[in-house]
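**Q** Pasting target09.tsv below, which is TSV, C-alpha atoms and all ligand atoms.
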chain	number	residue	atom	x	y	z
R	912	ALA	CA	0.00	0.00	0.00
R	913	SER	CA	1.21	3.48	-0.79
R	914	ASP	CA	0.69	6.67	1.17
R	915	ARG	CA	-0.01	8.90	-1.76
R	916	PRO	CA	-3.59	9.67	-2.72
R	917	PHE	CA	-4.96	7.75	-5.71
R	918	LYS	CA	-5.45	9.68	-8.93
R	919	LEU	CA	-8.81	9.54	-10.69
R	920	LEU	CA	-9.31	11.02	-14.15
R	921	VAL	CA	-12.95	11.70	-15.02
R	922	LEU	CA	-14.03	11.78	-18.66
R	923	PRO	CA	-17.78	12.48	-18.88
R	924	GLY	CA	-18.02	12.40	-22.70
R	925	ASP	CA	-21.25	13.09	-24.60
R	926	GLY	CA	-25.02	12.77	-24.39
R	927	ILE	CA	-26.10	11.42	-21.03
R	928	GLY	CA	-22.41	10.88	-20.13
R	929	PRO	CA	-22.04	14.24	-18.33
R	930	GLU	CA	-25.47	13.79	-16.67
R	931	ILE	CA	-24.69	10.42	-15.09
R	932	ILE	CA	-21.08	11.32	-14.25
R	933	ARG	CA	-22.16	14.53	-12.51
R	934	GLU	CA	-24.32	12.41	-10.21
R	935	THR	CA	-21.66	9.73	-9.77
R	936	LEU	CA	-19.26	12.43	-8.56
R	937	ARG	CA	-21.60	12.91	-5.60
R	938	VAL	CA	-20.91	9.28	-4.70
R	939	VAL	CA	-17.19	9.97	-5.19
R	940	ASP	CA	-17.58	12.79	-2.64
R	941	TRP	CA	-19.29	10.36	-0.28
R	942	ALA	CA	-16.31	7.99	-0.62
R	943	ARG	CA	-13.90	10.84	0.16
R	944	ASN	CA	-15.88	11.67	3.26
R	945	ALA	CA	-15.64	8.00	4.17
R	946	GLY	CA	-11.85	8.22	4.07
R	947	LEU	CA	-10.87	7.61	0.44
R	948	ARG	CA	-7.89	9.80	-0.46
R	949	ILE	CA	-7.98	10.73	-4.14
R	950	GLU	CA	-6.97	13.51	-6.46
R	951	LEU	CA	-9.59	14.24	-9.11
R	952	SER	CA	-9.09	15.68	-12.53
R	953	GLU	CA	-11.46	16.01	-15.47
R	954	GLY	CA	-10.90	15.92	-19.20
R	955	LEU	CA	-12.62	15.85	-22.56
R	956	ALA	CA	-13.33	12.73	-24.56
R	957	GLY	CA	-15.44	11.79	-27.55
R	958	GLY	CA	-17.52	14.34	-29.42
R	959	ALA	CA	-16.89	16.95	-26.74
R	960	SER	CA	-13.18	16.61	-27.45
R	961	ILE	CA	-13.67	16.65	-31.23
R	962	ASP	CA	-15.57	19.93	-30.91
R	963	ALA	CA	-12.93	21.47	-28.65
R	964	VAL	CA	-9.61	20.21	-30.02
R	965	GLY	CA	-10.42	18.31	-33.22
R	966	ALA	CA	-9.66	14.78	-31.98
R	967	PRO	CA	-11.71	12.23	-29.98
R	968	ILE	CA	-9.06	12.33	-27.29
R	969	ALA	CA	-6.10	14.69	-26.94
R	970	GLU	CA	-2.64	13.28	-26.34
R	971	ASP	CA	-2.29	15.23	-23.11
R	972	VAL	CA	-5.47	13.56	-21.83
R	973	VAL	CA	-3.96	10.18	-22.71
R	974	GLU	CA	-0.83	11.23	-20.78
R	975	GLN	CA	-3.01	12.23	-17.86
R	976	ALA	CA	-4.72	8.84	-17.97
R	977	LEU	CA	-1.33	7.11	-17.96
R	978	ALA	CA	-0.43	9.06	-14.83
R	979	SER	CA	-3.70	8.09	-13.11
R	980	ASP	CA	-4.70	5.00	-11.11
R	981	ALA	CA	-8.14	4.96	-12.67
R	982	VAL	CA	-10.34	6.57	-15.28
R	983	LEU	CA	-14.07	7.04	-14.81
R	984	PHE	CA	-15.68	7.26	-18.22
R	985	GLY	CA	-19.24	8.28	-19.11
R	986	ALA	CA	-20.16	7.54	-22.70
R	987	VAL	CA	-19.32	9.01	-26.07
R	988	GLY	CA	-20.91	9.48	-29.46
R	989	GLY	CA	-24.06	10.89	-30.97
R	990	PRO	CA	-25.71	11.86	-34.25
R	991	LYS	CA	-23.72	15.11	-34.41
R	992	TRP	CA	-20.55	13.15	-35.19
R	993	ASP	CA	-22.01	10.23	-37.17
R	994	HIS	CA	-20.93	11.73	-40.50
R	995	LEU	CA	-17.24	11.47	-39.61
R	996	PRO	CA	-15.09	8.67	-41.03
R	997	ARG	CA	-14.69	5.78	-38.61
R	998	ALA	CA	-11.11	6.66	-37.63
R	999	GLN	CA	-12.17	10.15	-36.49
R	1000	ARG	CA	-15.30	9.25	-34.56
R	1001	PRO	CA	-15.90	9.79	-30.84
R	1002	GLU	CA	-15.65	6.03	-30.14
R	1003	MET	CA	-12.00	6.04	-31.22
R	1004	GLY	CA	-11.18	7.98	-28.07
R	1005	ILE	CA	-11.95	5.04	-25.84
R	1006	LEU	CA	-10.13	2.58	-28.10
R	1007	ARG	CA	-7.06	4.79	-27.97
R	1008	LEU	CA	-7.23	4.85	-24.17
R	1009	ARG	CA	-7.69	1.08	-23.93
R	1010	GLN	CA	-4.58	0.54	-25.99
R	1011	ALA	CA	-2.47	3.24	-24.33
R	1012	LEU	CA	-3.30	1.87	-20.88
R	1013	ASP	CA	-2.99	-1.75	-22.07
R	1014	LEU	CA	-6.39	-2.56	-20.57
R	1015	TYR	CA	-6.47	-6.14	-21.76
R	1016	ALA	CA	-9.11	-7.52	-19.40
R	1017	ASN	CA	-12.60	-6.19	-19.96
R	1018	LEU	CA	-14.91	-7.19	-17.13
R	1019	ARG	CA	-18.62	-7.28	-17.63
R	1020	PRO	CA	-20.63	-8.38	-14.62
R	1021	ALA	CA	-24.15	-9.59	-15.36
R	1022	VAL	CA	-26.01	-9.41	-12.10
R	1023	CYS	CA	-29.72	-9.83	-11.72
R	1024	PHE	CA	-31.73	-7.43	-9.58
R	1025	ASP	CA	-34.46	-9.72	-8.33
R	1026	GLU	CA	-36.91	-6.81	-8.09
R	1027	LEU	CA	-36.59	-6.30	-11.83
R	1028	LEU	CA	-37.10	-9.89	-12.94
R	1029	ASP	CA	-39.93	-8.77	-15.21
R	1030	ALA	CA	-37.47	-6.76	-17.30
R	1031	SER	CA	-35.71	-9.94	-18.39
R	1032	ALA	CA	-36.65	-11.87	-21.48
R	1033	LEU	CA	-36.23	-15.11	-19.54
R	1034	LYS	CA	-38.38	-16.90	-17.00
R	1035	PRO	CA	-37.74	-15.43	-13.54
R	1036	ASP	CA	-36.68	-18.81	-12.15
R	1037	LEU	CA	-33.78	-18.97	-14.60
R	1038	ILE	CA	-32.18	-15.70	-13.61
R	1039	ARG	CA	-33.11	-15.08	-9.99
R	1040	GLY	CA	-29.89	-14.42	-8.07
R	1041	LEU	CA	-27.84	-14.53	-11.26
R	1042	ASP	CA	-24.26	-13.31	-10.87
R	1043	ILE	CA	-21.92	-13.93	-13.81
R	1044	LEU	CA	-18.65	-12.17	-14.50
R	1045	ILE	CA	-17.45	-12.22	-18.09
R	1046	VAL	CA	-13.76	-11.51	-18.58
R	1047	ARG	CA	-13.14	-10.59	-22.19
R	1048	GLU	CA	-9.68	-10.24	-23.70
R	1049	ALA	CA	-9.75	-6.71	-25.10
R	1050	THR	CA	-6.49	-5.66	-26.74
R	1051	ALA	CA	-5.71	-8.48	-29.16
R	1052	GLY	CA	-7.54	-11.00	-31.34
R	1053	VAL	CA	-9.47	-10.45	-34.51
R	1054	TYR	CA	-10.28	-6.77	-33.88
R	1055	PHE	CA	-6.58	-5.90	-33.88
R	1056	SER	CA	-4.57	-8.62	-35.66
R	1057	LEU	CA	-2.93	-8.03	-39.01
R	1058	PRO	CA	-3.15	-8.55	-41.91
R	1059	ARG	CA	-6.60	-7.21	-42.59
R	1060	ALA	CA	-8.04	-5.67	-45.72
R	1061	ASN	CA	-11.11	-4.83	-47.74
R	1062	GLU	CA	-9.82	-4.71	-51.30
R	1063	ILE	CA	-9.97	-5.88	-54.88
R	1064	GLY	CA	-8.35	-9.29	-55.13
R	1065	PRO	CA	-6.11	-10.58	-57.95
R	1066	ASP	CA	-9.17	-12.06	-59.65
R	1067	GLY	CA	-10.88	-8.65	-59.75
R	1068	GLN	CA	-13.40	-9.59	-57.07
R	1069	ARG	CA	-13.91	-7.51	-53.96
R	1070	ARG	CA	-12.63	-9.45	-50.99
R	1071	ALA	CA	-12.11	-8.78	-47.29
R	1072	TYR	CA	-10.30	-10.58	-44.53
R	1073	ASP	CA	-9.38	-10.28	-40.88
R	1074	THR	CA	-6.87	-12.21	-38.85
R	1075	GLN	CA	-7.38	-13.81	-35.48
R	1076	ALA	CA	-4.03	-14.09	-33.72
R	1077	TYR	CA	-3.11	-14.65	-30.09
R	1078	THR	CA	0.21	-15.19	-28.37
R	1079	GLU	CA	0.45	-17.39	-25.32
R	1080	ALA	CA	1.32	-14.33	-23.21
R	1081	GLU	CA	-1.84	-12.53	-24.33
R	1082	ILE	CA	-3.97	-15.54	-23.41
R	1083	ALA	CA	-2.17	-16.28	-20.13
R	1084	ARG	CA	-2.47	-12.80	-18.65
R	1085	VAL	CA	-6.20	-12.48	-19.19
R	1086	CYS	CA	-6.71	-16.00	-17.85
R	1087	ARG	CA	-4.72	-15.10	-14.74
R	1088	THR	CA	-6.98	-12.09	-14.21
R	1089	ALA	CA	-10.01	-14.39	-14.47
R	1090	PHE	CA	-8.58	-16.85	-11.95
R	1091	GLU	CA	-7.66	-14.06	-9.52
R	1092	LEU	CA	-11.20	-12.74	-9.76
R	1093	ALA	CA	-12.69	-16.23	-9.33
R	1094	ARG	CA	-10.90	-16.42	-5.98
R	1095	THR	CA	-13.05	-13.54	-4.76
R	1096	ARG	CA	-16.20	-15.33	-5.95
R	1097	GLN	CA	-17.31	-18.96	-6.35
R	1098	ARG	CA	-13.92	-20.17	-7.60
R	1099	ARG	CA	-15.18	-21.48	-10.92
R	1100	VAL	CA	-13.80	-20.40	-14.30
R	1101	CYS	CA	-15.33	-21.44	-17.60
R	1102	SER	CA	-12.94	-20.85	-20.48
R	1103	VAL	CA	-14.75	-20.37	-23.79
R	1104	ASP	CA	-13.21	-21.00	-27.20
R	1105	LYS	CA	-13.67	-22.82	-30.50
R	1106	ALA	CA	-10.82	-25.26	-30.00
R	1107	ASN	CA	-12.63	-27.69	-32.29
R	1108	VAL	CA	-12.28	-25.51	-35.40
R	1109	MET	CA	-9.75	-22.74	-34.71
R	1110	GLU	CA	-6.01	-22.80	-34.10
R	1111	THR	CA	-6.30	-19.81	-31.76
R	1112	GLY	CA	-8.98	-21.75	-29.91
R	1113	ALA	CA	-6.72	-24.75	-29.46
R	1114	LEU	CA	-3.92	-22.57	-28.08
R	1115	TRP	CA	-6.42	-20.74	-25.88
R	1116	ARG	CA	-7.53	-24.03	-24.33
R	1117	THR	CA	-3.97	-25.24	-23.78
R	1118	VAL	CA	-2.81	-22.02	-22.15
R	1119	ALA	CA	-5.95	-21.70	-19.98
R	1120	THR	CA	-5.27	-25.21	-18.72
R	1121	GLU	CA	-1.64	-24.33	-17.97
R	1122	VAL	CA	-2.64	-21.19	-16.06
R	1123	ALA	CA	-5.19	-23.22	-14.09
R	1124	ALA	CA	-2.39	-25.38	-12.73
R	1125	GLY	CA	-1.32	-22.36	-10.67
R	1126	TYR	CA	-4.79	-22.11	-9.15
R	1127	PRO	CA	-5.57	-25.55	-7.69
R	1128	ASP	CA	-8.33	-23.98	-5.55
R	1129	VAL	CA	-10.23	-22.79	-8.64
R	1130	GLU	CA	-12.20	-25.17	-10.85
R	1131	LEU	CA	-11.65	-24.81	-14.60
R	1132	SER	CA	-14.08	-26.00	-17.25
R	1133	HIS	CA	-14.02	-25.50	-21.02
R	1134	MET	CA	-16.91	-24.77	-23.33
R	1135	TYR	CA	-17.29	-24.09	-27.03
R	1136	ALA	CA	-18.52	-20.57	-27.73
R	1137	ASP	CA	-21.66	-21.64	-29.56
R	1138	ASN	CA	-22.65	-23.95	-26.72
R	1139	CYS	CA	-21.89	-21.14	-24.26
R	1140	ALA	CA	-24.36	-18.86	-26.07
R	1141	MET	CA	-26.99	-21.57	-25.72
R	1142	GLN	CA	-26.15	-22.32	-22.08
R	1143	LEU	CA	-26.33	-18.62	-21.16
R	1144	VAL	CA	-29.93	-18.61	-22.28
R	1145	ARG	CA	-30.91	-22.07	-21.04
R	1146	ARG	CA	-29.19	-22.32	-17.68
R	1147	PRO	CA	-27.24	-19.13	-16.91
R	1148	ASP	CA	-26.88	-19.97	-13.22
R	1149	GLN	CA	-24.24	-22.61	-14.02
R	1150	PHE	CA	-21.63	-19.86	-14.61
R	1151	ASP	CA	-19.43	-17.98	-12.18
R	1152	VAL	CA	-16.53	-16.45	-14.19
R	1153	ILE	CA	-16.34	-16.81	-17.97
R	1154	VAL	CA	-13.05	-16.00	-19.69
R	1155	THR	CA	-12.86	-15.70	-23.46
R	1156	ASP	CA	-11.32	-13.91	-26.41
R	1157	ASN	CA	-12.18	-10.49	-27.77
R	1158	LEU	CA	-14.74	-11.52	-30.39
R	1159	PHE	CA	-16.61	-14.17	-28.42
R	1160	GLY	CA	-16.47	-11.95	-25.34
R	1161	ASP	CA	-18.03	-9.04	-27.21
R	1162	ILE	CA	-20.98	-11.16	-28.23
R	1163	LEU	CA	-21.43	-13.24	-25.08
R	1164	SER	CA	-21.20	-10.24	-22.77
R	1165	ASP	CA	-24.01	-8.49	-24.62
R	1166	ALA	CA	-26.10	-11.67	-24.41
R	1167	ALA	CA	-25.39	-11.96	-20.68
R	1168	ALA	CA	-26.32	-8.31	-20.15
R	1169	ALA	CA	-29.63	-8.85	-21.92
R	1170	LEU	CA	-30.44	-11.69	-19.52
R	1171	THR	CA	-30.78	-9.28	-16.66
R	1172	GLY	CA	-32.82	-6.51	-18.23
R	1173	SER	CA	-31.91	-2.88	-18.10
R	1174	LEU	CA	-28.89	-1.43	-19.78
R	1175	GLY	CA	-28.95	1.47	-17.34
R	1176	LEU	CA	-27.88	-0.76	-14.45
R	1177	LEU	CA	-24.79	-2.55	-15.69
R	1178	PRO	CA	-21.22	-1.36	-15.09
R	1179	SER	CA	-17.96	-2.50	-16.64
R	1180	ALA	CA	-14.28	-2.36	-15.89
R	1181	SER	CA	-11.20	-2.64	-18.08
R	1182	LEU	CA	-8.15	-3.73	-16.14
R	1183	SER	CA	-4.48	-4.05	-16.82
R	1184	GLY	CA	-3.27	-6.83	-14.59
R	1185	LEU	CA	-4.64	-7.90	-11.27
R	1186	GLY	CA	-1.86	-9.45	-9.27
R	1187	GLN	CA	-2.44	-11.67	-6.29
R	1188	GLY	CA	-4.49	-9.68	-3.83
R	1189	GLY	CA	-3.33	-6.56	-5.62
R	1190	ARG	CA	-4.98	-3.77	-7.47
R	1191	SER	CA	-5.00	-2.80	-11.08
R	1192	ARG	CA	-5.03	0.31	-13.13
R	1193	GLY	CA	-8.51	0.46	-14.59
R	1194	LEU	CA	-11.01	2.26	-16.74
R	1195	TYR	CA	-14.57	2.12	-15.49
R	1196	GLU	CA	-17.67	2.87	-17.52
R	1197	PRO	CA	-21.30	1.90	-17.87
R	1198	ILE	CA	-21.98	-0.62	-20.63
R	1199	HIS	CA	-24.55	1.67	-22.23
R	1200	GLY	CA	-23.83	4.43	-24.71
R	1201	SER	CA	-24.59	8.15	-24.77
R	1202	ALA	CA	-28.36	7.63	-25.26
R	1203	PRO	CA	-28.96	10.68	-27.46
R	1204	ASP	CA	-32.68	9.93	-27.43
R	1205	ILE	CA	-32.96	10.91	-23.76
R	1206	ALA	CA	-29.96	13.24	-23.36
R	1207	GLY	CA	-30.68	16.61	-21.78
R	1208	GLN	CA	-33.88	15.45	-20.09
R	1209	GLY	CA	-32.39	14.60	-16.71
R	1210	VAL	CA	-33.97	11.12	-16.72
R	1211	ALA	CA	-30.99	8.85	-17.46
R	1212	ASN	CA	-30.43	6.09	-14.97
R	1213	PRO	CA	-27.19	6.86	-13.10
R	1214	ILE	CA	-26.88	3.38	-11.53
R	1215	ALA	CA	-24.61	1.84	-14.18
R	1216	ALA	CA	-22.18	4.73	-13.72
R	1217	ILE	CA	-22.42	4.61	-9.92
R	1218	LEU	CA	-21.77	0.86	-9.95
R	1219	SER	CA	-18.83	1.47	-12.29
R	1220	PHE	CA	-17.34	3.68	-9.59
R	1221	ALA	CA	-17.97	0.86	-7.09
R	1222	LEU	CA	-15.85	-1.42	-9.30
R	1223	CYS	CA	-13.18	1.30	-9.31
R	1224	LEU	CA	-13.22	1.38	-5.50
R	1225	ARG	CA	-12.82	-2.39	-5.46
R	1226	TRP	CA	-10.15	-2.96	-8.06
R	1227	SER	CA	-8.15	0.27	-8.37
R	1228	PHE	CA	-8.54	1.94	-4.98
R	1229	ASP	CA	-8.27	-1.09	-2.73
R	1230	ARG	CA	-11.51	-0.24	-0.97
R	1231	ALA	CA	-13.73	-3.29	-1.24
R	1232	ASP	CA	-15.48	-2.10	1.91
R	1233	LEU	CA	-16.68	1.09	0.21
R	1234	ALA	CA	-17.50	-0.83	-2.97
R	1235	ASP	CA	-19.69	-3.22	-0.99
R	1236	ALA	CA	-21.44	-0.29	0.66
R	1237	VAL	CA	-22.24	1.35	-2.68
R	1238	GLU	CA	-23.51	-1.93	-4.15
R	1239	ARG	CA	-25.68	-2.56	-1.07
R	1240	ALA	CA	-27.09	0.97	-1.25
R	1241	VAL	CA	-28.01	0.52	-4.92
R	1242	ARG	CA	-29.72	-2.79	-4.14
R	1243	HIS	CA	-31.62	-1.18	-1.31
R	1244	VAL	CA	-32.81	1.67	-3.52
R	1245	VAL	CA	-33.91	-0.65	-6.32
R	1246	SER	CA	-35.70	-2.97	-3.90
R	1247	SER	CA	-37.49	-0.05	-2.28
R	1248	GLY	CA	-39.06	0.75	-5.64
R	1249	VAL	CA	-37.24	3.92	-6.71
R	1250	ARG	CA	-37.30	3.88	-10.52
R	1251	THR	CA	-35.94	5.99	-13.35
R	1252	PRO	CA	-38.17	5.72	-16.45
R	1253	ASP	CA	-36.07	2.96	-18.05
R	1254	ILE	CA	-36.87	0.53	-15.23
R	1255	ALA	CA	-40.26	1.84	-14.13
R	1256	GLU	CA	-43.25	-0.46	-14.22
R	1257	ALA	CA	-46.55	0.90	-15.52
R	1258	GLY	CA	-48.26	2.98	-12.87
R	1259	VAL	CA	-45.07	3.84	-10.99
R	1260	ALA	CA	-44.10	7.51	-11.01
R	1261	PRO	CA	-40.48	7.62	-12.21
R	1262	VAL	CA	-37.75	9.74	-10.62
R	1263	SER	CA	-35.02	11.82	-12.25
R	1264	THR	CA	-31.28	11.14	-12.50
R	1265	LEU	CA	-30.77	13.49	-9.57
R	1266	GLN	CA	-33.46	11.91	-7.41
R	1267	MET	CA	-32.16	8.41	-8.05
R	1268	THR	CA	-28.75	9.55	-6.84
R	1269	ASP	CA	-30.34	11.28	-3.84
R	1270	ALA	CA	-31.87	7.92	-2.93
R	1271	VAL	CA	-28.53	6.10	-3.26
R	1272	LEU	CA	-26.80	8.73	-1.10
R	1273	ALA	CA	-29.58	8.53	1.48
R	1274	ALA	CA	-29.12	4.74	1.61
R	1275	LEU	CA	-25.35	5.22	1.99
Y	1	LIG	P1	-27.28	3.41	-25.97
Y	1	LIG	O1	-26.79	2.48	-24.95
Y	1	LIG	O2	-26.78	4.79	-25.91
Y	1	LIG	O3	-28.88	3.48	-25.91
Y	1	LIG	C1	-29.71	2.35	-26.18
Y	1	LIG	C2	-31.09	2.60	-25.52
Y	1	LIG	O4	-30.97	2.45	-24.10
Y	1	LIG	C3	-31.63	4.01	-25.77
Y	1	LIG	O5	-33.03	3.94	-25.91
Y	1	LIG	C4	-31.27	4.74	-24.49
Y	1	LIG	O6	-32.15	5.79	-24.18
Y	1	LIG	C5	-31.34	3.64	-23.45
Y	1	LIG	N1	-30.38	3.90	-22.36
Y	1	LIG	C6	-29.01	3.72	-22.41
Y	1	LIG	N2	-28.45	4.07	-21.25
Y	1	LIG	C7	-29.46	4.47	-20.44
Y	1	LIG	C8	-29.51	4.96	-19.10
Y	1	LIG	N3	-28.40	5.11	-18.35
Y	1	LIG	N4	-30.72	5.27	-18.58
Y	1	LIG	C9	-31.81	5.13	-19.31
Y	1	LIG	N5	-31.85	4.66	-20.56
Y	1	LIG	C10	-30.68	4.35	-21.13
Y	1	LIG	O7	-26.93	2.78	-27.39
Y	1	LIG	P2	-27.15	3.36	-28.87
Y	1	LIG	O8	-28.45	4.11	-28.92
Y	1	LIG	O9	-26.94	2.23	-29.76
Y	1	LIG	O10	-25.96	4.36	-29.11
Y	1	LIG	C11	-26.05	5.77	-28.90
Y	1	LIG	C12	-24.68	6.38	-29.06
Y	1	LIG	O11	-23.80	5.89	-28.05
Y	1	LIG	C13	-24.01	6.05	-30.38
Y	1	LIG	O12	-23.31	7.18	-30.84
Y	1	LIG	C14	-23.04	4.94	-30.03
Y	1	LIG	O13	-21.95	4.87	-30.89
Y	1	LIG	C15	-22.62	5.34	-28.65
Y	1	LIG	N6	-22.14	4.25	-27.80
Y	1	LIG	C16	-21.09	4.55	-26.98
Y	1	LIG	C17	-20.60	3.61	-26.11
Y	1	LIG	C18	-19.48	4.03	-25.21
Y	1	LIG	O14	-19.24	5.20	-25.01
Y	1	LIG	N7	-18.78	3.09	-24.60
Y	1	LIG	C19	-21.17	2.25	-26.05
Y	1	LIG	C20	-22.32	2.07	-26.90
Y	1	LIG	C21	-22.76	3.04	-27.75
Y	2	MG	MG	-20.56	-5.15	-27.91
Render the structure in this file as structure tokens.
Ligand code: NAI
Ligand code: MG
**A**
Amino acid sequence: ASDRPFKLLVLPGDGIGPEIIRETLRVVDWARNAGLRIELSEGLAGGASIDAVGAPIAEDVVEQALASDAVLFGAVGGPKWDHLPRAQRPEMGILRLRQALDLYANLRPAVCFDELLDASALKPDLIRGLDILIVREATAGVYFSLPRANEIGPDGQRRAYDTQAYTEAEIARVCRTAFELARTRQRRVCSVDKANVMETGALWRTVATEVAAGYPDVELSHMYADNCAMQLVRRPDQFDVIVTDNLFGDILSDAAAALTGSLGLLPSASLSGLGQGGRSRGLYEPIHGSAPDIAGQGVANPIAAILSFALCLRWSFDRADLADAVERAVRHVVSSGVRTPDIAEAGVAPVSTLQMTDAVLAAL
């Protein structure tokens, strides 16, 4: 443990990003009053940054992130910037940060709020008490590997290709993160691949098995990705931690999120190494986007952002006690029936972003 205060960089972004981050900062203040020592700074990202400095993230903001213990991110993007070429869009800001900070483990918890079972597409019995953590490899694999192209081939036909490549080091480090996290949970890791048809899948399975040898207290199972998609829908309660590559993780984590209902409730973390009992540099953000359809109305659900800060307390600031308190407060508020419009049942008067946060702070 160090004596210096932790550094937190806050990047609100666009749309509802600033609205939910403004409220989350009230929970940050609560944590400071509860003894958390942090230095806060704020920067521009996404469309807000494009408008101000012409790029989705400025290099000095990247430098600031590199000098921080954690980044709290809102959301970026919106119709105003949709006309830009892909490489210049708001979303590139977050990709740039992920790479600069080497945030190779993307964590997506899928936790069911039992009071909101009706919001799920599944039968309540299947998802009651659900608590899955998907650990997705996020800096390698098919989204990054070369060669890739969309071109005219030698035969004059248009053709396109991507490459899926993984080194053993890239697989091992994300698997270690998954095993470390499993030790704080039910000690079960399911490694997901397509070892039956892909070379990267075969290596993935071998390396996951090797890493597991260092964690005799954690149970490892393997599953093919297509079967995993089916099992997530049929019997999601069989999973504790799922670890998988970038592509499968992208798809399976969205499926797992949909199991539990509202987008406005689910946080995420991107970590760079989680040593034994240690902490990691991390970027924390809700899984939802900038929701331009409701931006400016003060009705966005701040819970996903608040729970993202709870993950930050747990994994970057070494304060699992405060993280638990925030998570308990959110559960209390949801179970006492406080609802923003996105999770309100018919006949329930919804509250605003501000009022939802008031309720969380009151519970804290
Ligand atoms: P979205 O997640 O922004 O919105 C989908 C739907 O969920 C909308 O109806 C929205 O109103 C609702 N919603 C989302 N978060 C909510 C919250 N906290 N409270 C209440 N309702 C909420 O996804 P969409 O519409 O596909 O994308 C909108 C913009 O966000 C696009 O520019 C997209 O590129 C960007 N985006 C950014 C992400 C990021 O910053 N990491 C992730 C996903 C999308
Ligand atoms: Mg996705």
**Q** Could you make a table, as a tab-separated table, of the residues of chain R that have an atom within 6 Å of an atom of ligand LIG 1 (chain Y), each with its nearest atom pair and distance in Å to one decimal, counting all atoms listed in the file, in chain and number order?
**A**
residue	atom	partner	partner_atom	distance
R:Ala986	CA	Y:LIG1	O14	3.4
R:Val987	CA	Y:LIG1	O14	4.0
R:Gly988	CA	Y:LIG1	O12	3.6
R:Gly989	CA	Y:LIG1	O12	3.8
R:Leu1174	CA	Y:LIG1	N2	5.7
R:Gly1175	CA	Y:LIG1	N3	3.8
R:His1199	CA	Y:LIG1	O1	3.6
R:Gly1200	CA	Y:LIG1	O2	3.2
R:Ser1201	CA	Y:LIG1	O11	4.1
R:Ala1202	CA	Y:LIG1	O2	3.3
R:Pro1203	CA	Y:LIG1	C11	5.9
R:Asp1204	CA	Y:LIG1	O6	5.3
R:Ile1205	CA	Y:LIG1	O6	5.2
R:Ala1211	CA	Y:LIG1	N4	3.8
R:Asn1212	CA	Y:LIG1	N4	3.7
R:Pro1213	CA	Y:LIG1	N3	5.7
R:Asp1253	CA	Y:LIG1	C9	4.9
**Q** Let me make sure I understand: among R:Ser960, R:Ser952, R:Ser1219, R:Ser1179, which one has the smallest atom-to-atom distance to ligand MG 2 (chain Y) if we use only C-alpha atoms and all ligand atoms?
**A** R:Ser1179
**Q** Just want the 10 Å neighbourhood of R:Thr1078, counted on all atoms listed in the file, with same-chain residues fewer than 4 positions away dropped. Output as a ChimeraX atom specification.
**A** /R:1051-1052,1082-1083,1111,1114-1115,1118
**Q** Counting only C-alpha atoms and all ligand atoms, which residue out of R:Asp1128, R:Cys1101, R:Ala1049, R:Leu1275 sits closest to ligand MG 2 (chain Y)?
**A**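 Closest to ligand MG 2 (chain Y), using only C-alpha atoms and all ligand atoms: R:Ala1049.
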**Q** In Å, how far is it from atom CA of R:Val939 to atom CA of R:Val1262?
**A**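 These two atoms are separated by 21.3 Å.
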**Q** Residues up to 9 Å from ligand MG 2 (chain Y), counting all atoms listed in the file: could you list those as an MDAnalysis selection string?
**A** chainID R and resid 1158 1160:1165 1198
**Q** Give as a PyMOL selection string every residue, naming chains and numbers as the document does, that has an atom within 9 Å of (-28.0, -13.6, -11.0), counting all atoms listed in the file.
**A** chain R and resi 1021-1025+1037-1043+1147-1148+1171
**Q** Do you know which residues are at most 12 Å from R:Gly1193 counting all atoms listed in the file, after dropping those on the same chain fewer than 5 positions away, and could you put them as a VMD selection string?
**A** chain R and resid 918 to 920 976 to 984 1008 to 1009 1011 to 1018 1179 to 1185 1219 to 1220 1222 to 1229
**Q** Have a look at atom CA of R:Ile968 and atom CA of R:Glu953 and let me know their distance in Å, one decimal.
**A**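 Between atom CA of R:Ile968 and atom CA of R:Glu953 the gap is 12.6 Å.
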**Q** How many Å separate atom CA of R:Gln1266 from atom CA of R:Ser1247?
**A**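 Computing the Euclidean distance for atom CA of R:Gln1266 and atom CA of R:Ser1247 yields 13.6 Å.
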